[in-house]
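Visitor: File target33.cif below, mmCIF, C-alpha atoms:
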```
data_target
#
loop_
_atom_site.label_atom_id
_atom_site.label_comp_id
_atom_site.auth_asym_id
_atom_site.auth_seq_id
_atom_site.Cartn_x
_atom_site.Cartn_y
_atom_site.Cartn_z
CA MET Y 1 54.47 46.38 -61.92
CA SER Y 2 56.68 49.44 -62.05
CA SER Y 3 60.21 49.05 -63.31
CA VAL Y 4 61.58 50.00 -59.87
CA LEU Y 5 59.52 47.30 -58.15
CA ARG Y 6 60.43 44.79 -60.84
CA THR Y 7 64.11 45.60 -60.39
CA LEU Y 8 63.76 45.31 -56.63
CA SER Y 9 62.00 41.98 -56.96
CA PHE Y 10 64.88 40.60 -59.06
CA ALA Y 11 67.42 41.87 -56.54
CA LEU Y 12 65.48 40.33 -53.66
CA LEU Y 13 65.07 37.11 -55.59
CA PHE Y 14 68.83 36.93 -56.03
CA ALA Y 15 69.65 37.84 -52.44
CA SER Y 16 67.10 35.69 -50.63
CA SER Y 17 68.84 32.30 -50.91
CA ALA Y 18 71.15 30.15 -52.95
CA ALA Y 19 68.19 28.31 -54.48
CA HIS Y 20 66.62 31.56 -55.58
CA ALA Y 21 69.96 32.82 -56.90
CA CYS Y 22 70.19 29.69 -58.99
CA LEU Y 23 66.69 30.23 -60.31
CA PHE Y 24 67.71 33.76 -61.21
CA ALA Y 25 70.93 32.61 -62.83
CA THR Y 26 69.43 29.85 -64.93
CA THR Y 27 66.01 31.18 -65.95
CA THR Y 28 66.26 34.96 -66.20
CA PRO Y 29 65.71 36.46 -69.65
CA PRO Y 30 68.00 39.20 -71.00
CA GLU Y 31 65.72 41.95 -69.62
CA GLY Y 32 66.17 40.57 -66.10
CA TRP Y 33 69.93 40.49 -66.44
CA TYR Y 34 69.85 44.10 -67.67
CA ARG Y 35 67.81 45.20 -64.66
CA TRP Y 36 69.97 43.34 -62.13
CA ALA Y 37 73.46 44.04 -63.45
CA SER Y 38 75.48 47.16 -63.98
CA ILE Y 39 78.08 45.20 -65.97
CA LEU Y 40 77.35 42.32 -68.36
CA VAL Y 41 80.11 40.80 -70.45
CA ALA Y 42 80.75 37.72 -72.53
CA ALA Y 43 84.12 36.29 -71.61
CA ASP Y 44 86.29 33.25 -72.26
CA VAL Y 45 87.64 31.60 -69.11
CA THR Y 46 91.44 31.79 -68.98
CA GLU Y 47 92.20 30.69 -65.43
CA LEU Y 48 90.54 29.03 -62.43
CA GLY Y 49 91.72 29.37 -58.87
CA LYS Y 50 90.66 28.85 -55.26
CA GLU Y 51 90.47 31.30 -52.40
CA ALA Y 52 89.05 29.82 -49.18
CA ALA Y 53 85.50 28.66 -49.99
CA ARG Y 54 85.37 30.60 -53.23
CA ASP Y 55 86.34 29.90 -56.80
CA VAL Y 56 88.21 32.66 -58.58
CA VAL Y 57 87.51 32.83 -62.30
CA THR Y 58 89.60 34.98 -64.61
CA ALA Y 59 88.31 35.48 -68.14
CA ARG Y 60 89.13 37.46 -71.27
CA VAL Y 61 86.30 39.83 -72.14
CA VAL Y 62 85.18 39.36 -75.74
CA GLU Y 63 81.97 41.42 -75.78
CA THR Y 64 80.36 44.02 -73.54
CA PHE Y 65 76.57 43.92 -73.33
CA LYS Y 66 76.27 46.53 -70.59
CA GLY Y 67 78.79 48.68 -68.79
CA PRO Y 68 81.82 50.70 -69.72
CA GLU Y 69 82.89 50.23 -73.30
CA GLY Y 70 86.54 50.15 -74.07
CA PRO Y 71 89.33 47.89 -75.11
CA GLU Y 72 88.66 44.30 -74.23
CA GLY Y 73 90.59 43.11 -71.22
CA THR Y 74 90.27 40.58 -68.45
CA ILE Y 75 87.81 40.28 -65.61
CA THR Y 76 88.28 38.33 -62.40
CA VAL Y 77 85.32 37.34 -60.23
CA SER Y 78 85.06 35.40 -57.00
CA VAL Y 79 82.12 33.00 -56.77
CA PRO Y 80 81.16 30.88 -53.75
CA SER Y 81 82.32 27.32 -54.46
CA ARG Y 82 78.85 26.01 -53.54
CA HIS Y 83 77.37 28.03 -56.44
CA TRP Y 84 78.09 25.30 -58.97
CA ALA Y 85 76.45 22.41 -57.09
CA SER Y 86 73.58 24.55 -55.78
CA CYS Y 87 72.77 25.78 -59.27
CA LYS Y 88 73.44 22.43 -60.95
CA LEU Y 89 76.12 24.04 -63.08
CA GLU Y 90 79.54 22.70 -63.93
CA VAL Y 91 82.57 24.73 -63.03
CA PRO Y 92 83.49 26.32 -66.34
CA ALA Y 93 86.54 24.89 -68.04
CA VAL Y 94 89.36 27.04 -69.34
CA GLY Y 95 88.19 28.22 -72.76
CA ALA Y 96 84.47 28.16 -71.90
CA ARG Y 97 82.35 31.16 -72.91
CA VAL Y 98 80.50 32.61 -69.92
CA LEU Y 99 78.27 35.51 -69.01
CA VAL Y 100 79.78 37.53 -66.19
CA ALA Y 101 77.36 39.85 -64.42
CA LEU Y 102 78.17 42.32 -61.67
CA ASN Y 103 75.57 44.44 -59.92
CA ALA Y 104 75.99 47.80 -58.18
CA ASN Y 105 76.84 46.00 -54.89
CA SER Y 106 79.66 44.09 -56.63
CA ASP Y 107 77.71 40.82 -56.36
CA ALA Y 108 78.86 38.53 -59.17
CA MET Y 109 77.01 35.88 -61.15
CA LEU Y 110 78.69 33.67 -63.71
CA VAL Y 111 76.79 31.29 -65.98
CA PRO Y 112 77.44 29.54 -69.27
CA LEU Y 113 76.58 31.87 -72.14
CA SER Y 114 74.29 30.26 -74.67
CA ALA Y 115 73.94 31.64 -78.19
CA LYS Y 116 70.27 32.41 -77.45
CA LEU Y 117 71.08 34.45 -74.33
CA ALA Y 118 73.90 36.29 -76.13
CA GLU Y 119 71.53 37.24 -78.97
CA GLY Y 120 68.94 38.46 -76.49
CA LEU Y 121 71.52 40.57 -74.68
CA ARG Y 122 72.71 42.06 -77.99
CA ALA Y 123 69.12 42.93 -78.89
CA ARG Y 124 68.59 44.53 -75.48
CA LYS Y 125 71.82 46.52 -75.85
CA ALA Y 126 70.67 47.79 -79.26
CA LYS Y 127 67.30 48.77 -77.79
CA GLU Y 128 69.02 50.68 -74.94
CA ALA Y 129 71.22 52.53 -77.45
CA LYS Y 130 68.21 54.03 -79.25
#
```
Could you spell out this file's structure in structure tokens?
Guide:
Amino acid sequence: MSSVLRTLSFALLFASSAAHACLFATTTPPEGWYRWASILVAADVTELGKEAARDVVTARVVETFKGPEGPEGTITVSVPSRHWASCKLEVPAVGARVLVALNANSDAMLVPLSAKLAEGLRARKAKEAK
């Protein structure tokens, strides 16, 4: 499968339904995240808020896996409140380390960042840099 078709299949998988988005969010390897997202960062949650039927998560960026490099700052993303229950994820607590992913359409995904996923993303970043 060509890389364009593979990228398209991941985008369609994410966009097709909440269940598929959850599958994407919880089972995608680092390569899939790299294909889907234009920005990938590790961040520590600093604030949680509500805005209609969405949760607003503000986090301090601690590492950039993909996207503009620069001084670490904060990132704020808005996630549908149903995301957590649909994906069987807990709302991250203040202080939790998360992966924040944004694609070219400004769609956001936010999942807990495991050590294994972080290592895979670092390896992928190093591979891209060569």
Visitor: Spell out the residues picked by the PyMOL selection byres ((chain Y and resi 34-47) around 7) here, as a ChimeraX atom specification.
Guide: /Y:7,10-11,30-33,48-49,57-67,93-104
Visitor: Got a sec: who's within 12 Å of Arg54 (chain Y), counting all atoms listed in the file, leaving out chain neighbours fewer than 2 positions off, as a VMD selection string?
Guide: chain Y and resid 48 to 52 56 to 57 77 to 84 91 108
Visitor: Could you tell me how far CA of Thr74 (chain Y) lies from CA of Lys130 (chain Y), in Å and to one decimal?
Guide: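 Calculated distance between CA of Thr74 (chain Y) and CA of Lys130 (chain Y) is 28.0 Å.
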Visitor: Work out how far CA of Glu72 (chain Y) is from CA of Ser106 (chain Y), in Å to one decimal.
Guide: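 Going from CA of Ser106 (chain Y) over to CA of Glu72 (chain Y), I get 19.8 Å.
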Visitor: If I take CA of Arg122 (chain Y) and CA of Ile75 (chain Y), how far is one from the other in Å, to one decimal?
Guide: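 That distance, rounded to one decimal, is 19.6 Å.
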